[in-house]
Amino acid sequence: MDRDVVRELYDREMRRGARADGPGVRVERAGAVVRQTGGRDDWNGVLWSDLDDATADAAIAEQIRHFGCADRAFEWKLYAHDRPGDLGERLRAAGFVPEPEETLMVAHVAELDTAVEPPQGVRLLPVTDAAGVERVVDVHERAFGDDGAALRHRLLAQLAEDPDTVVAVVAMDGDRPVSAARMELPPGAPFAGLWGGGTVPEWRGRGVYRALVAFRARIAADRGCRYLQVDASGMSRPILRRLGFVPLTTTTPYVYRA
């Protein structure tokens with residue numbers, strides 16, 4: 001994989017040319033910034049920018065005004081190769097708080113090993129209704145320790161209004177959900193995004209995460225996607241490397257709450 005070429009494709013298709021990621025949200029191109037605006041439970045934030053020393057501070061202030069008028073907390077998704085080089089420092093000076101850095105990792109779908117089975121006794125259950133969404137939320141809250149209300153809102157809306165753009169799956173140990181994940185499939189995009197892969201602590205290290213990646217990769221291949229993309233945490237990076245994903249850059253969420 002030519003990482004520079006794929007990163008440029010990712011910037012062009014998934015950031016500069018971003019599609020709205022759910023019902024009721026809109027992507028706007030406001031000067032040198034591409035942003036998404038939605039409701040309180042939607043993802044609100046800046047996806048891409050083309051700034052320099054002379055324009056960065058004014059652009060930051062304009063986004064604070066825009067989302068402030070809508071009474072929305074929002075995220076500026078900063079990538080390591082974004083410019084100017086001190087954009088992160090400028091965001092912090094404006095009141096943004098950085099969250100942990102993640103690694104943008106990508107794999108050719110056709111090169112992934114999708115013949116991975118879940119551990120013995122675990123079955124993978126596709127999510128198609130509200131009961132399945134509740135299982136995903138249950139895993140999310142136990143795995144990550146935060147509130148799953150926004151995830152519930154997002155999945156229910158997507159399944160009801162645009163089901164072809166999302167795939168969600170839960171790993172079940174008997175009647176108990178132990179891991180869950182989803183895949184976003186923006187129409188016409190060359191990348192499908194793997195999100196939310198979380199496993200409850202007592203089931204980590206047993207191969208469940210690998211099985212969920214393979215499950216989604218099979219569907220991505222059937223849908224004609226060329227690449228899978230993950231914003232990987234330190235916990236998932238080694239697993240994804242072994243599966244064939246390569247790092248393109250790092251990304252840091254900068255969050256602004258008025």
# chains A, B, ... in the order shown; residues from 1 in each chain; ligands from 1
>>> residues_around(residues="region 2-19 of chain A", least_positions_apart="5", cutoff="12 Å", atoms="only C-alpha atoms", output="MDAnalysis selection string")
chainID A and resid 25:37 45:50 76:82 104:108 165 184:193 226:230 245:250
>>> select_by_dssp(residues="region 29-130 of chain A", states="strand (DSSP E or B)", output="PyMOL selection string")
chain A and resi 29-30+33-37+45-49+74-79+97-98+102-108+122-126
>>> select_by_dssp(residues="region 20-238 of chain A", states="helix (DSSP H, G or I)", output="PyMOL selection string")
chain A and resi 56-69+87-93+109-111+130-144+149-161+163-165+201-203+208-222+237-238
>>> write_last_selection(atoms="C-alpha atoms", output="mmCIF file, in the first residue's frame")
data_model
loop_
_atom_site.group_PDB
_atom_site.id
_atom_site.type_symbol
_atom_site.label_atom_id
_atom_site.label_comp_id
_atom_site.auth_asym_id
_atom_site.auth_seq_id
_atom_site.Cartn_x
_atom_site.Cartn_y
_atom_site.Cartn_z
ATOM 1 C CA ALA A 56 -6.411 29.662 11.460
ATOM 2 C CA ASP A 57 -7.470 31.768 14.450
ATOM 3 C CA ALA A 58 -10.351 33.416 12.619
ATOM 4 C CA ALA A 59 -11.576 30.031 11.362
ATOM 5 C CA ILE A 60 -11.454 28.601 14.883
ATOM 6 C CA ALA A 61 -13.438 31.558 16.249
ATOM 7 C CA GLU A 62 -16.029 31.196 13.484
ATOM 8 C CA GLN A 63 -16.617 27.524 14.317
ATOM 9 C CA ILE A 64 -17.056 28.370 18.001
ATOM 10 C CA ARG A 65 -19.671 30.964 17.020
ATOM 11 C CA HIS A 66 -21.437 28.575 14.639
ATOM 12 C CA PHE A 67 -21.794 25.695 17.073
ATOM 13 C CA GLY A 68 -22.369 28.058 19.991
ATOM 14 C CA CYS A 69 -25.388 29.556 18.208
ATOM 15 C CA LEU A 87 -3.127 24.131 14.977
ATOM 16 C CA GLY A 88 -3.442 21.972 18.094
ATOM 17 C CA GLU A 89 -1.869 24.705 20.235
ATOM 18 C CA ARG A 90 -4.233 27.273 18.721
ATOM 19 C CA LEU A 91 -7.227 25.063 19.498
ATOM 20 C CA ARG A 92 -6.116 24.645 23.110
ATOM 21 C CA ALA A 93 -5.653 28.412 23.429
ATOM 22 C CA VAL A 109 -10.541 -5.246 2.085
ATOM 23 C CA ALA A 110 -9.469 -7.826 -0.506
ATOM 24 C CA GLU A 111 -6.265 -8.582 1.431
ATOM 25 C CA ALA A 130 -34.303 -1.898 19.094
ATOM 26 C CA ALA A 131 -33.500 -4.954 21.209
ATOM 27 C CA GLY A 132 -30.218 -5.393 19.331
ATOM 28 C CA VAL A 133 -29.396 -1.719 19.781
ATOM 29 C CA GLU A 134 -29.859 -2.092 23.540
ATOM 30 C CA ARG A 135 -27.338 -4.951 23.522
ATOM 31 C CA VAL A 136 -24.837 -2.707 21.701
ATOM 32 C CA VAL A 137 -25.398 0.081 24.225
ATOM 33 C CA ASP A 138 -25.015 -2.335 27.138
ATOM 34 C CA VAL A 139 -21.626 -3.479 25.832
ATOM 35 C CA HIS A 140 -20.545 0.103 25.111
ATOM 36 C CA GLU A 141 -21.296 1.253 28.641
ATOM 37 C CA ARG A 142 -19.587 -1.745 30.263
ATOM 38 C CA ALA A 143 -16.550 -1.667 27.956
ATOM 39 C CA PHE A 144 -15.897 2.076 27.878
ATOM 40 C CA ALA A 149 -27.471 7.533 24.921
ATOM 41 C CA ALA A 150 -25.958 9.169 21.819
ATOM 42 C CA LEU A 151 -25.018 5.781 20.377
ATOM 43 C CA ARG A 152 -28.576 4.540 20.962
ATOM 44 C CA HIS A 153 -30.003 7.594 19.183
ATOM 45 C CA ARG A 154 -27.634 7.213 16.257
ATOM 46 C CA LEU A 155 -28.180 3.501 15.670
ATOM 47 C CA LEU A 156 -31.959 3.635 16.019
ATOM 48 C CA ALA A 157 -32.139 6.521 13.531
ATOM 49 C CA GLN A 158 -29.862 4.808 11.018
ATOM 50 C CA LEU A 159 -31.650 1.468 11.204
ATOM 51 C CA ALA A 160 -35.028 3.151 10.790
ATOM 52 C CA GLU A 161 -34.198 5.675 8.079
ATOM 53 C CA PRO A 163 -30.236 0.943 7.125
ATOM 54 C CA ASP A 164 -27.901 0.391 4.157
ATOM 55 C CA THR A 165 -25.363 2.815 5.676
ATOM 56 C CA PRO A 201 -13.107 -6.686 30.393
ATOM 57 C CA GLU A 202 -13.570 -10.365 31.212
ATOM 58 C CA TRP A 203 -13.712 -11.295 27.511
ATOM 59 C CA VAL A 208 -13.724 -11.750 19.934
ATOM 60 C CA TYR A 209 -12.521 -8.421 18.513
ATOM 61 C CA ARG A 210 -10.767 -10.204 15.626
ATOM 62 C CA ALA A 211 -13.976 -12.067 14.804
ATOM 63 C CA LEU A 212 -15.969 -8.820 14.731
ATOM 64 C CA VAL A 213 -13.446 -7.243 12.345
ATOM 65 C CA ALA A 214 -13.645 -10.270 10.033
ATOM 66 C CA PHE A 215 -17.462 -10.256 10.153
ATOM 67 C CA ARG A 216 -17.578 -6.625 9.044
ATOM 68 C CA ALA A 217 -14.838 -7.107 6.455
ATOM 69 C CA ARG A 218 -16.876 -9.831 4.755
ATOM 70 C CA ILE A 219 -19.822 -7.470 4.454
ATOM 71 C CA ALA A 220 -17.598 -4.635 3.218
ATOM 72 C CA ALA A 221 -16.258 -6.942 0.498
ATOM 73 C CA ASP A 222 -19.796 -7.914 -0.524
ATOM 74 C CA ARG A 237 -3.560 -1.084 17.293
ATOM 75 C CA PRO A 238 -1.532 -4.293 17.801
#
>>> residues_around(residues="Arg204 (chain A)", least_positions_apart="6", cutoff="12 Å", atoms="only C-alpha atoms", output="list in words")
Pro119, Ala143, Val178, Ser179, Gly197, Gly198, Arg210, Met235, Ser236 and Ile239 of chain A
>>> write_last_selection(atoms="all heavy atoms", output="mmCIF file, in the first residue's frame")
data_model
loop_
_atom_site.group_PDB
_atom_site.id
_atom_site.type_symbol
_atom_site.label_atom_id
_atom_site.label_comp_id
_atom_site.auth_asym_id
_atom_site.auth_seq_id
_atom_site.Cartn_x
_atom_site.Cartn_y
_atom_site.Cartn_z
ATOM 1 N N PRO A 119 -14.697 -17.184 19.318
ATOM 2 C CA PRO A 119 -14.321 -18.243 20.262
ATOM 3 C C PRO A 119 -15.471 -19.232 20.481
ATOM 4 O O PRO A 119 -16.642 -18.904 20.263
ATOM 5 C CB PRO A 119 -14.018 -17.471 21.554
ATOM 6 C CG PRO A 119 -13.784 -16.066 21.134
ATOM 7 C CD PRO A 119 -14.606 -15.843 19.914
ATOM 8 N N ALA A 143 -17.921 -1.621 28.483
ATOM 9 C CA ALA A 143 -16.550 -1.667 27.956
ATOM 10 C C ALA A 143 -15.823 -0.339 28.116
ATOM 11 O O ALA A 143 -14.625 -0.314 28.406
ATOM 12 C CB ALA A 143 -16.580 -2.070 26.486
ATOM 13 N N VAL A 178 -21.231 -9.631 25.042
ATOM 14 C CA VAL A 178 -19.885 -9.444 25.594
ATOM 15 C C VAL A 178 -18.999 -8.560 24.724
ATOM 16 O O VAL A 178 -17.945 -8.109 25.172
ATOM 17 C CB VAL A 178 -19.195 -10.803 25.826
ATOM 18 C CG1 VAL A 178 -19.980 -11.617 26.852
ATOM 19 C CG2 VAL A 178 -19.041 -11.588 24.526
ATOM 20 N N SER A 179 -19.409 -8.298 23.483
ATOM 21 C CA SER A 179 -18.647 -7.421 22.601
ATOM 22 C C SER A 179 -19.591 -6.914 21.524
ATOM 23 O O SER A 179 -20.589 -7.561 21.200
ATOM 24 C CB SER A 179 -17.462 -8.168 21.964
ATOM 25 O OG SER A 179 -16.626 -7.282 21.245
ATOM 26 N N GLY A 197 -15.749 -0.749 18.361
ATOM 27 C CA GLY A 197 -15.383 -2.108 18.744
ATOM 28 C C GLY A 197 -15.009 -2.164 20.224
ATOM 29 O O GLY A 197 -13.915 -1.749 20.595
ATOM 30 N N GLY A 198 -15.921 -2.651 21.036
ATOM 31 C CA GLY A 198 -15.667 -2.721 22.473
ATOM 32 C C GLY A 198 -15.985 -4.101 23.013
ATOM 33 O O GLY A 198 -16.960 -4.733 22.596
ATOM 34 N N ARG A 210 -11.192 -9.753 16.953
ATOM 35 C CA ARG A 210 -10.767 -10.204 15.626
ATOM 36 C C ARG A 210 -11.954 -10.743 14.828
ATOM 37 O O ARG A 210 -12.080 -10.497 13.627
ATOM 38 C CB ARG A 210 -9.692 -11.286 15.742
ATOM 39 C CG ARG A 210 -8.362 -10.803 16.270
ATOM 40 C CD ARG A 210 -7.351 -11.930 16.376
ATOM 41 N NE ARG A 210 -6.975 -12.436 15.068
ATOM 42 C CZ ARG A 210 -7.255 -13.655 14.624
ATOM 43 N NH1 ARG A 210 -7.935 -14.501 15.379
ATOM 44 N NH2 ARG A 210 -6.868 -14.029 13.426
ATOM 45 N N MET A 235 -5.082 0.051 22.537
ATOM 46 C CA MET A 235 -5.443 -1.336 22.802
ATOM 47 C C MET A 235 -5.670 -2.114 21.509
ATOM 48 O O MET A 235 -5.288 -3.283 21.396
ATOM 49 C CB MET A 235 -6.719 -1.382 23.667
ATOM 50 C CG MET A 235 -7.128 -2.784 24.103
ATOM 51 S SD MET A 235 -8.629 -2.759 25.131
ATOM 52 C CE MET A 235 -8.034 -1.788 26.516
ATOM 53 N N SER A 236 -6.295 -1.463 20.516
ATOM 54 C CA SER A 236 -6.641 -2.192 19.287
ATOM 55 C C SER A 236 -5.552 -2.137 18.223
ATOM 56 O O SER A 236 -5.548 -2.968 17.306
ATOM 57 C CB SER A 236 -7.956 -1.647 18.707
ATOM 58 O OG SER A 236 -7.877 -0.265 18.461
ATOM 59 N N ILE A 239 -3.627 -5.481 17.509
ATOM 60 C CA ILE A 239 -4.493 -6.484 16.890
ATOM 61 C C ILE A 239 -4.695 -6.153 15.420
ATOM 62 O O ILE A 239 -4.604 -7.027 14.539
ATOM 63 C CB ILE A 239 -5.858 -6.530 17.616
ATOM 64 C CG1 ILE A 239 -5.674 -6.817 19.104
ATOM 65 C CG2 ILE A 239 -6.772 -7.577 16.973
ATOM 66 C CD1 ILE A 239 -6.936 -6.657 19.919
#
>>> atom_distance(atom1="CA of Val200 (chain A)", atom2="CA of Thr251 (chain A)")
24.9 Å
>>> atom_distance(atom1="CA of Asp71 (chain A)", atom2="CA of Phe96 (chain A)")
15.5 Å
>>> closest_residue(among="A:Leu112, A:Pro118, A:Val255, A:Asp129", to="Arg241 (chain A)", atoms="only C-alpha atoms")
A:Leu112
>>> atom_distance(atom1="CA of Asp146 (chain A)", atom2="CA of Leu124 (chain A)")
23.5 Å
>>> residues_around(residues="Glu102 (chain A)", least_positions_apart="4", cutoff="8 Å", atoms="only C-alpha atoms", output="MDAnalysis selection string")
chainID A and resid 231:234 250:252
>>> write_last_selection(atoms="N, CA, C and O atoms", output="PDB file, in the first residue's frame")
ATOM      1  N   ASP A 231     -10.130   4.357  13.482  1.00  0.00           N
ATOM      2  CA  ASP A 231      -9.409   5.246  14.388  1.00  0.00           C
ATOM      3  C   ASP A 231      -9.048   4.394  15.601  1.00  0.00           C
ATOM      4  O   ASP A 231      -9.867   4.172  16.492  1.00  0.00           O
ATOM      5  N   ALA A 232      -7.823   3.902  15.621  1.00  0.00           N
ATOM      6  CA  ALA A 232      -7.448   2.841  16.566  1.00  0.00           C
ATOM      7  C   ALA A 232      -6.871   3.394  17.857  1.00  0.00           C
ATOM      8  O   ALA A 232      -5.999   4.267  17.850  1.00  0.00           O
ATOM      9  N   SER A 233      -7.333   2.843  18.962  1.00  0.00           N
ATOM     10  CA  SER A 233      -6.753   3.139  20.266  1.00  0.00           C
ATOM     11  C   SER A 233      -5.483   2.316  20.453  1.00  0.00           C
ATOM     12  O   SER A 233      -5.173   1.413  19.663  1.00  0.00           O
ATOM     13  N   GLY A 234      -4.770   2.607  21.527  1.00  0.00           N
ATOM     14  CA  GLY A 234      -3.575   1.831  21.826  1.00  0.00           C
ATOM     15  C   GLY A 234      -3.874   0.365  22.060  1.00  0.00           C
ATOM     16  O   GLY A 234      -3.028  -0.492  21.801  1.00  0.00           O
ATOM     17  N   THR A 250      -1.913  10.018  12.623  1.00  0.00           N
ATOM     18  CA  THR A 250      -2.616  10.028  13.901  1.00  0.00           C
ATOM     19  C   THR A 250      -3.681  11.122  13.884  1.00  0.00           C
ATOM     20  O   THR A 250      -3.606  12.069  13.099  1.00  0.00           O
ATOM     21  N   THR A 251      -4.652  10.962  14.759  1.00  0.00           N
ATOM     22  CA  THR A 251      -5.729  11.943  14.851  1.00  0.00           C
ATOM     23  C   THR A 251      -6.066  12.175  16.317  1.00  0.00           C
ATOM     24  O   THR A 251      -6.070  11.226  17.115  1.00  0.00           O
ATOM     25  N   THR A 252      -6.327  13.429  16.660  1.00  0.00           N
ATOM     26  CA  THR A 252      -6.662  13.804  18.028  1.00  0.00           C
ATOM     27  C   THR A 252      -7.974  14.565  18.035  1.00  0.00           C
ATOM     28  O   THR A 252      -8.107  15.562  17.326  1.00  0.00           O
TER      29      THR A 252
END
>>> decode(residues="region 69-116 of chain A", atoms="N, CA and C atoms", output="tab-separated table (two decimals), in the first residue's frame")
chain	number	residue	atom	x	y	z
A	69	CYS	N	-24.04	29.10	18.54
A	69	CYS	CA	-25.39	29.56	18.21
A	69	CYS	C	-26.38	28.41	18.21
A	70	ALA	N	-25.90	27.21	17.88
A	70	ALA	CA	-26.76	26.02	17.90
A	70	ALA	C	-26.77	25.34	19.27
A	71	ASP	N	-26.01	25.91	20.23
A	71	ASP	CA	-25.90	25.35	21.58
A	71	ASP	C	-25.41	23.91	21.53
A	72	ARG	N	-24.32	23.69	20.78
A	72	ARG	CA	-23.77	22.36	20.62
A	72	ARG	C	-22.32	22.31	21.09
A	73	ALA	N	-21.99	21.33	21.90
A	73	ALA	CA	-20.59	20.96	22.05
A	73	ALA	C	-20.13	20.36	20.73
A	74	PHE	N	-18.85	20.50	20.40
A	74	PHE	CA	-18.39	19.96	19.13
A	74	PHE	C	-16.93	19.56	19.20
A	75	GLU	N	-16.53	18.82	18.18
A	75	GLU	CA	-15.17	18.27	18.11
A	75	GLU	C	-14.47	18.78	16.86
A	76	TRP	N	-13.23	19.17	17.02
A	76	TRP	CA	-12.37	19.48	15.86
A	76	TRP	C	-11.45	18.28	15.71
A	77	LYS	N	-11.66	17.53	14.63
A	77	LYS	CA	-10.89	16.28	14.44
A	77	LYS	C	-9.59	16.63	13.73
A	78	LEU	N	-8.54	16.74	14.52
A	78	LEU	CA	-7.24	17.21	14.02
A	78	LEU	C	-6.35	16.02	13.66
A	79	TYR	N	-5.80	16.04	12.45
A	79	TYR	CA	-4.88	15.00	12.00
A	79	TYR	C	-3.45	15.53	12.04
A	80	ALA	N	-2.48	14.63	12.21
A	80	ALA	CA	-1.09	15.05	12.41
A	80	ALA	C	-0.55	15.85	11.24
A	81	HIS	N	-1.08	15.62	10.02
A	81	HIS	CA	-0.56	16.32	8.85
A	81	HIS	C	-1.33	17.59	8.53
A	82	ASP	N	-2.32	17.97	9.36
A	82	ASP	CA	-3.07	19.20	9.12
A	82	ASP	C	-2.19	20.42	9.38
A	83	ARG	N	-2.54	21.49	8.73
A	83	ARG	CA	-1.78	22.73	8.83
A	83	ARG	C	-2.70	23.86	9.31
A	84	PRO	N	-2.09	24.87	9.97
A	84	PRO	CA	-0.66	25.01	10.27
A	84	PRO	C	-0.18	24.02	11.33
A	85	GLY	N	1.13	23.90	11.45
A	85	GLY	CA	1.67	22.89	12.34
A	85	GLY	C	1.32	23.08	13.80
A	86	ASP	N	0.98	24.30	14.19
A	86	ASP	CA	0.62	24.58	15.58
A	86	ASP	C	-0.89	24.67	15.78
A	87	LEU	N	-1.67	24.03	14.88
A	87	LEU	CA	-3.13	24.13	14.98
A	87	LEU	C	-3.63	23.58	16.31
A	88	GLY	N	-3.03	22.51	16.80
A	88	GLY	CA	-3.44	21.97	18.09
A	88	GLY	C	-3.25	22.98	19.22
A	89	GLU	N	-2.12	23.69	19.21
A	89	GLU	CA	-1.87	24.71	20.24
A	89	GLU	C	-2.89	25.84	20.12
A	90	ARG	N	-3.24	26.21	18.91
A	90	ARG	CA	-4.23	27.27	18.72
A	90	ARG	C	-5.60	26.82	19.23
A	91	LEU	N	-5.95	25.56	19.00
A	91	LEU	CA	-7.23	25.06	19.50
A	91	LEU	C	-7.25	25.06	21.02
A	92	ARG	N	-6.16	24.62	21.65
A	92	ARG	CA	-6.12	24.64	23.11
A	92	ARG	C	-6.24	26.07	23.64
A	93	ALA	N	-5.58	27.01	22.99
A	93	ALA	CA	-5.65	28.41	23.43
A	93	ALA	C	-7.06	28.97	23.31
A	94	ALA	N	-7.85	28.42	22.38
A	94	ALA	CA	-9.22	28.88	22.18
A	94	ALA	C	-10.21	28.17	23.10
A	95	GLY	N	-9.74	27.23	23.92
A	95	GLY	CA	-10.62	26.58	24.87
A	95	GLY	C	-10.96	25.14	24.58
A	96	PHE	N	-10.39	24.57	23.53
A	96	PHE	CA	-10.62	23.15	23.22
A	96	PHE	C	-9.79	22.27	24.15
A	97	VAL	N	-10.32	21.09	24.44
A	97	VAL	CA	-9.62	20.13	25.29
A	97	VAL	C	-9.30	18.88	24.46
A	98	PRO	N	-8.02	18.51	24.32
A	98	PRO	CA	-7.68	17.32	23.53
A	98	PRO	C	-8.02	16.03	24.26
A	99	GLU	N	-8.54	15.07	23.53
A	99	GLU	CA	-8.77	13.73	24.05
A	99	GLU	C	-7.63	12.83	23.58
A	100	PRO	N	-7.55	11.59	24.03
A	100	PRO	CA	-6.41	10.74	23.67
A	100	PRO	C	-6.22	10.57	22.16
A	101	GLU	N	-4.97	10.60	21.75
A	101	GLU	CA	-4.62	10.44	20.35
A	101	GLU	C	-4.97	9.04	19.86
A	102	GLU	N	-5.43	8.96	18.63
A	102	GLU	CA	-5.73	7.68	17.98
A	102	GLU	C	-4.91	7.58	16.69
A	103	THR	N	-4.82	6.38	16.15
A	103	THR	CA	-4.09	6.15	14.91
A	103	THR	C	-5.06	5.79	13.80
A	104	LEU	N	-5.02	6.54	12.71
A	104	LEU	CA	-5.82	6.20	11.53
A	104	LEU	C	-5.15	5.02	10.85
A	105	MET	N	-5.83	3.86	10.84
A	105	MET	CA	-5.31	2.64	10.23
A	105	MET	C	-6.24	2.19	9.12
A	106	VAL	N	-5.65	1.67	8.04
A	106	VAL	CA	-6.41	1.32	6.85
A	106	VAL	C	-5.92	-0.04	6.34
A	107	ALA	N	-6.84	-0.80	5.76
A	107	ALA	CA	-6.50	-2.07	5.12
A	107	ALA	C	-7.26	-2.20	3.82
A	108	HIS	N	-6.63	-2.85	2.82
A	108	HIS	CA	-7.34	-3.27	1.62
A	108	HIS	C	-8.30	-4.39	2.01
A	109	VAL	N	-9.56	-4.23	1.72
A	109	VAL	CA	-10.54	-5.25	2.09
A	109	VAL	C	-10.18	-6.59	1.46
A	110	ALA	N	-9.74	-6.58	0.20
A	110	ALA	CA	-9.47	-7.83	-0.51
A	110	ALA	C	-8.30	-8.60	0.09
A	111	GLU	N	-7.45	-7.93	0.88
A	111	GLU	CA	-6.26	-8.58	1.43
A	111	GLU	C	-6.46	-9.08	2.86
A	112	LEU	N	-7.63	-8.85	3.43
A	112	LEU	CA	-7.86	-9.26	4.81
A	112	LEU	C	-8.30	-10.72	4.89
A	113	ASP	N	-7.88	-11.37	5.96
A	113	ASP	CA	-8.34	-12.73	6.23
A	113	ASP	C	-9.70	-12.63	6.91
A	114	THR	N	-10.73	-13.01	6.19
A	114	THR	CA	-12.09	-12.91	6.75
A	114	THR	C	-12.59	-14.25	7.29
A	115	ALA	N	-11.78	-15.29	7.23
A	115	ALA	CA	-12.19	-16.62	7.71
A	115	ALA	C	-11.82	-16.78	9.18
A	116	VAL	N	-12.29	-15.85	9.99
A	116	VAL	CA	-12.00	-15.86	11.42
A	116	VAL	C	-13.29	-16.15	12.16
